[in-house]
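Inspection log for the structure reproduced underneath, given as structure tokens.
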2 protein chains.
Amino acid sequence: MSCEEKATQKLSERGFRITPQRRVILHILMHANAHLTPTEVYEEARKSLPSLRETTVYRTLEFLTQVGLAQEAFSKTSKSAYEISDYAHHHLICRKCGKEVEIPHVKMKPLCEDIETETGFQLMQNHLSFFGLCPACQKN
Amino acid sequence: MSCEEKATQKLSERGFRITPQRRVILHILMHANAHLTPTEVYEEARKSLPSLRETTVYRTLEFLTQVGLAQEAFSKTSKSAYEISDYAHHHLICRKCGKEVEIPHVKMKPLCEDIETETGFQLMQNHLSFFGLCPACQKN
DNA sequence: ATCCTTATTGCAAAAACTTGCAATAAGGAT
DNA sequence: ATCCTTATTGCAAGTTTTTGCAATAAGGAT
């Protein structure tokens, strides 16, 4: 477990503490090839840190999201899940089969800038989920 | 209670049944000036229909969303809430003070069309929530 | 190495949400 | 008006998520 060094360093620099719980959860998110629900993270994390509680998982996922290391995504059922926030992207999800396609942030940029100038808001890099029907499911 | 006639008629035409529960919930959503959480809908609906249960509220809100009469929105804390789906719009929410600004769907249209042609997906009119900091909160 | 401050975790209980199954009641047919 | 079918609701139990408070342990200071 050393791949999450960069991440923990960032935390440390910003005055947050590094705990075994945060290490494990970061590690799991970094090695997941999909987004995980809090429960999935919990089950996985317990294997190496049995004393970990759900409460902490929920709070840690939220914390990591706040500081920008993780981001909330959504699954087919639009229940929430989390993933490492390594680069800005968004999801397009098929409501029927669950298929996911990634939408790069660059596509969204003009819209975001438009919104920012018009409203004066400063947007957070939030992860958006579009829902629809994939080409295959449209035929049925 | 008659303002929800049009809505119930739509249901009826599509083969769904009209029940007192659905009537009450539709009525509440139509007279709310903001989006409501399931619990808020429940509390309000109970006043005129004490036998109503939470379970039914959750299921009805989901049902109304499926058939397009309601839509899921998000509050400051990104917990889910619902509102009547009378016209397509999206929300921009301040993470700090909770202030909300509406984003008309027309702003999003070019992006949506771009996504549709590029991915072959057929998008659902989903309600998106952008998060950020409002002008006032940026100063603090 | 030890102490101190306080951020972070765990605990316990509550609140929010989901699920399967049996009972009820819409709404069409007789 | 009554009956029938089955969509919809309620019930009960389970799962997920949140919250306040006390205990713990990071990490800086001595």
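Residues in the structure tokens are numbered from 1 in each chain, the chains being A, B, ... in the order shown, and ligands are numbered from 1 in the order shown.
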
Residues of chain D were defined as contacting chain B if any atom lay at most 9 Å from it, counting only C-alpha atoms (C1' of nucleotides); please report them as a short mmCIF file (atom, residue, chain, number, x, y, z; two decimals) with N, CA and C atoms (P, O5', C5', C4', C3', O3' and C1' of nucleotides), in the first residue's frame.
data_model
loop_
_atom_site.label_atom_id
_atom_site.label_comp_id
_atom_site.auth_asym_id
_atom_site.auth_seq_id
_atom_site.Cartn_x
_atom_site.Cartn_y
_atom_site.Cartn_z
P DA D 7 -51.24 -6.12 -13.36
"O5'" DA D 7 -51.21 -4.57 -13.04
"C5'" DA D 7 -52.30 -3.76 -13.45
"C4'" DA D 7 -52.60 -2.73 -12.39
"C3'" DA D 7 -51.39 -1.98 -11.85
"O3'" DA D 7 -51.83 -0.65 -11.63
"C1'" DA D 7 -52.42 -3.13 -10.06
P DT D 8 -50.87 0.47 -11.11
"O5'" DT D 8 -51.08 0.39 -9.53
"C5'" DT D 8 -52.31 0.83 -9.00
"C4'" DT D 8 -52.32 0.64 -7.50
"C3'" DT D 8 -51.15 1.26 -6.74
"O3'" DT D 8 -51.69 2.28 -5.91
"C1'" DT D 8 -51.67 -0.90 -5.93
P DT D 9 -50.82 3.03 -4.83
"O5'" DT D 9 -51.15 2.19 -3.53
"C5'" DT D 9 -52.46 2.28 -2.97
"C4'" DT D 9 -52.52 1.40 -1.74
"C3'" DT D 9 -51.62 1.85 -0.59
"O3'" DT D 9 -52.47 2.14 0.53
"C1'" DT D 9 -51.37 -0.49 -1.02
P DG D 10 -51.82 2.77 1.85
"O5'" DG D 10 -51.54 1.46 2.71
"C5'" DG D 10 -52.64 0.62 3.03
"C4'" DG D 10 -52.17 -0.58 3.83
"C3'" DG D 10 -51.32 -0.25 5.06
"O3'" DG D 10 -51.82 -1.10 6.09
"C1'" DG D 10 -50.14 -1.77 3.66
#

Which chain C residues have any atom within 9 Å of an atom of chain B, and for each, what is the nearest pair of atoms with distance in Å to one decimal, counting only C-alpha atoms (C1' of nucleotides), rows sorted by chain and number, as JSON lines?
{"residue": "C:DA16", "atom": "C1'", "partner": "B:Thr39", "partner_atom": "CA", "distance": 8.4}
{"residue": "C:DC17", "atom": "C1'", "partner": "B:Tyr58", "partner_atom": "CA", "distance": 8.0}
{"residue": "C:DT18", "atom": "C1'", "partner": "B:Thr55", "partner_atom": "CA", "distance": 8.5}
{"residue": "C:DA26", "atom": "C1'", "partner": "B:Arg17", "partner_atom": "CA", "distance": 6.1}
{"residue": "C:DG27", "atom": "C1'", "partner": "B:Arg17", "partner_atom": "CA", "distance": 7.8}

Print the selection's residues with all heavy atoms to a file, as a short mmCIF file (atom, residue, chain, number, x, y, z; two decimals), in the first residue's frame.
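selection_38.cif, written as the output of this step:
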data_model
loop_
_atom_site.label_atom_id
_atom_site.label_comp_id
_atom_site.auth_asym_id
_atom_site.auth_seq_id
_atom_site.Cartn_x
_atom_site.Cartn_y
_atom_site.Cartn_z
P DA C 16 -36.06 11.30 8.55
OP1 DA C 16 -35.82 12.68 8.05
OP2 DA C 16 -37.41 10.85 8.95
"O5'" DA C 16 -35.49 10.28 7.47
"C5'" DA C 16 -34.17 10.49 6.98
"C4'" DA C 16 -33.86 9.43 5.96
"O4'" DA C 16 -33.85 8.14 6.60
"C3'" DA C 16 -34.90 9.34 4.83
"O3'" DA C 16 -34.15 9.30 3.63
"C2'" DA C 16 -35.63 8.03 5.11
"C1'" DA C 16 -34.53 7.20 5.79
N9 DA C 16 -34.95 6.16 6.70
C8 DA C 16 -35.80 6.25 7.75
N7 DA C 16 -35.96 5.13 8.42
C5 DA C 16 -35.14 4.24 7.75
C6 DA C 16 -34.84 2.87 7.96
N6 DA C 16 -35.37 2.15 8.95
N1 DA C 16 -33.98 2.28 7.11
C2 DA C 16 -33.45 3.01 6.12
N3 DA C 16 -33.64 4.30 5.82
C4 DA C 16 -34.51 4.85 6.68
P DC C 17 -34.91 9.43 2.22
OP1 DC C 17 -33.99 10.06 1.28
OP2 DC C 17 -36.27 9.97 2.45
"O5'" DC C 17 -35.05 7.88 1.82
"C5'" DC C 17 -33.84 7.15 1.57
"C4'" DC C 17 -34.15 5.68 1.45
"O4'" DC C 17 -34.65 5.16 2.68
"C3'" DC C 17 -35.21 5.31 0.40
"O3'" DC C 17 -34.52 4.67 -0.67
"C2'" DC C 17 -36.17 4.38 1.15
"C1'" DC C 17 -35.33 3.96 2.36
N1 DC C 17 -36.09 3.51 3.56
C2 DC C 17 -35.89 2.20 4.00
O2 DC C 17 -35.13 1.46 3.38
N3 DC C 17 -36.58 1.77 5.11
C4 DC C 17 -37.39 2.60 5.74
N4 DC C 17 -38.04 2.13 6.83
C5 DC C 17 -37.60 3.95 5.31
C6 DC C 17 -36.93 4.36 4.22
P DT C 18 -35.29 3.86 -1.81
OP1 DT C 18 -34.41 3.79 -2.98
OP2 DT C 18 -36.66 4.39 -1.91
"O5'" DT C 18 -35.37 2.38 -1.21
"C5'" DT C 18 -34.17 1.73 -0.87
"C4'" DT C 18 -34.45 0.25 -0.65
"O4'" DT C 18 -35.21 0.08 0.56
"C3'" DT C 18 -35.27 -0.41 -1.77
"O3'" DT C 18 -34.55 -1.58 -2.13
"C2'" DT C 18 -36.63 -0.72 -1.13
"C1'" DT C 18 -36.25 -0.84 0.35
N1 DT C 18 -37.29 -0.46 1.35
C2 DT C 18 -37.61 -1.36 2.33
O2 DT C 18 -37.11 -2.47 2.41
N3 DT C 18 -38.53 -0.90 3.25
C4 DT C 18 -39.15 0.33 3.27
O4 DT C 18 -39.95 0.61 4.15
C5 DT C 18 -38.78 1.22 2.20
C7 DT C 18 -39.40 2.58 2.14
C6 DT C 18 -37.88 0.80 1.30
P DA C 26 -60.36 2.34 -4.61
OP1 DA C 26 -59.77 2.99 -3.44
OP2 DA C 26 -61.75 2.65 -5.04
"O5'" DA C 26 -59.39 2.61 -5.84
"C5'" DA C 26 -59.98 2.55 -7.01
"C4'" DA C 26 -59.04 2.24 -8.12
"O4'" DA C 26 -58.78 0.81 -8.15
"C3'" DA C 26 -59.79 2.59 -9.38
"O3'" DA C 26 -58.88 3.00 -10.34
"C2'" DA C 26 -60.52 1.29 -9.70
"C1'" DA C 26 -59.58 0.20 -9.14
N9 DA C 26 -60.24 -0.92 -8.48
C8 DA C 26 -61.07 -0.90 -7.40
N7 DA C 26 -61.50 -2.09 -7.02
C5 DA C 26 -60.88 -2.94 -7.91
C6 DA C 26 -60.91 -4.36 -8.06
N6 DA C 26 -61.60 -5.18 -7.26
N1 DA C 26 -60.20 -4.90 -9.06
C2 DA C 26 -59.49 -4.09 -9.86
N3 DA C 26 -59.37 -2.75 -9.82
C4 DA C 26 -60.10 -2.25 -8.82
P DG C 27 -59.48 3.91 -11.47
OP1 DG C 27 -58.32 4.56 -12.11
OP2 DG C 27 -60.59 4.69 -10.92
"O5'" DG C 27 -60.07 2.83 -12.49
"C5'" DG C 27 -59.18 1.88 -13.05
"C4'" DG C 27 -59.97 0.82 -13.78
"O4'" DG C 27 -60.50 -0.14 -12.83
"C3'" DG C 27 -61.19 1.36 -14.54
"O3'" DG C 27 -61.29 0.62 -15.74
"C2'" DG C 27 -62.35 1.02 -13.62
"C1'" DG C 27 -61.86 -0.33 -13.14
N9 DG C 27 -62.52 -0.90 -11.97
C8 DG C 27 -63.18 -0.26 -10.95
N7 DG C 27 -63.67 -1.08 -10.04
C5 DG C 27 -63.31 -2.33 -10.50
C6 DG C 27 -63.55 -3.63 -9.94
O6 DG C 27 -64.16 -3.90 -8.90
N1 DG C 27 -63.01 -4.63 -10.72
C2 DG C 27 -62.31 -4.43 -11.88
N2 DG C 27 -61.87 -5.53 -12.50
N3 DG C 27 -62.07 -3.25 -12.43
C4 DG C 27 -62.60 -2.24 -11.68
#

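The space between atom CA of His27 of chain A and atom CA of Lys10 of chain A spans 14.6 Å.
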
Could you tell me which residues of chain A sit within 6 Å of chain B when counting only C-alpha atoms, and give me the result as a list in words?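 Listed by rising number, the hits are Gly120, Phe121, Gln122, Leu123, Met124, Phe131, Gly132, Leu133, Cys134 and Pro135 of chain A.
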
Please list as a PyMOL selection string every residue within 12 Å of DC3 of chain C, counting only C-alpha atoms (C1' of nucleotides) and excluding residues in the same chain fewer than 4 positions away. chain D and resi 28-30

When you draw a straight line from atom C1' of DG20 of chain C to atom CA of Val24 of chain B, how long is it in Å?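 Answer for the atom C1' of DG20 of chain C to atom CA of Val24 of chain B separation: 25.9 Å.
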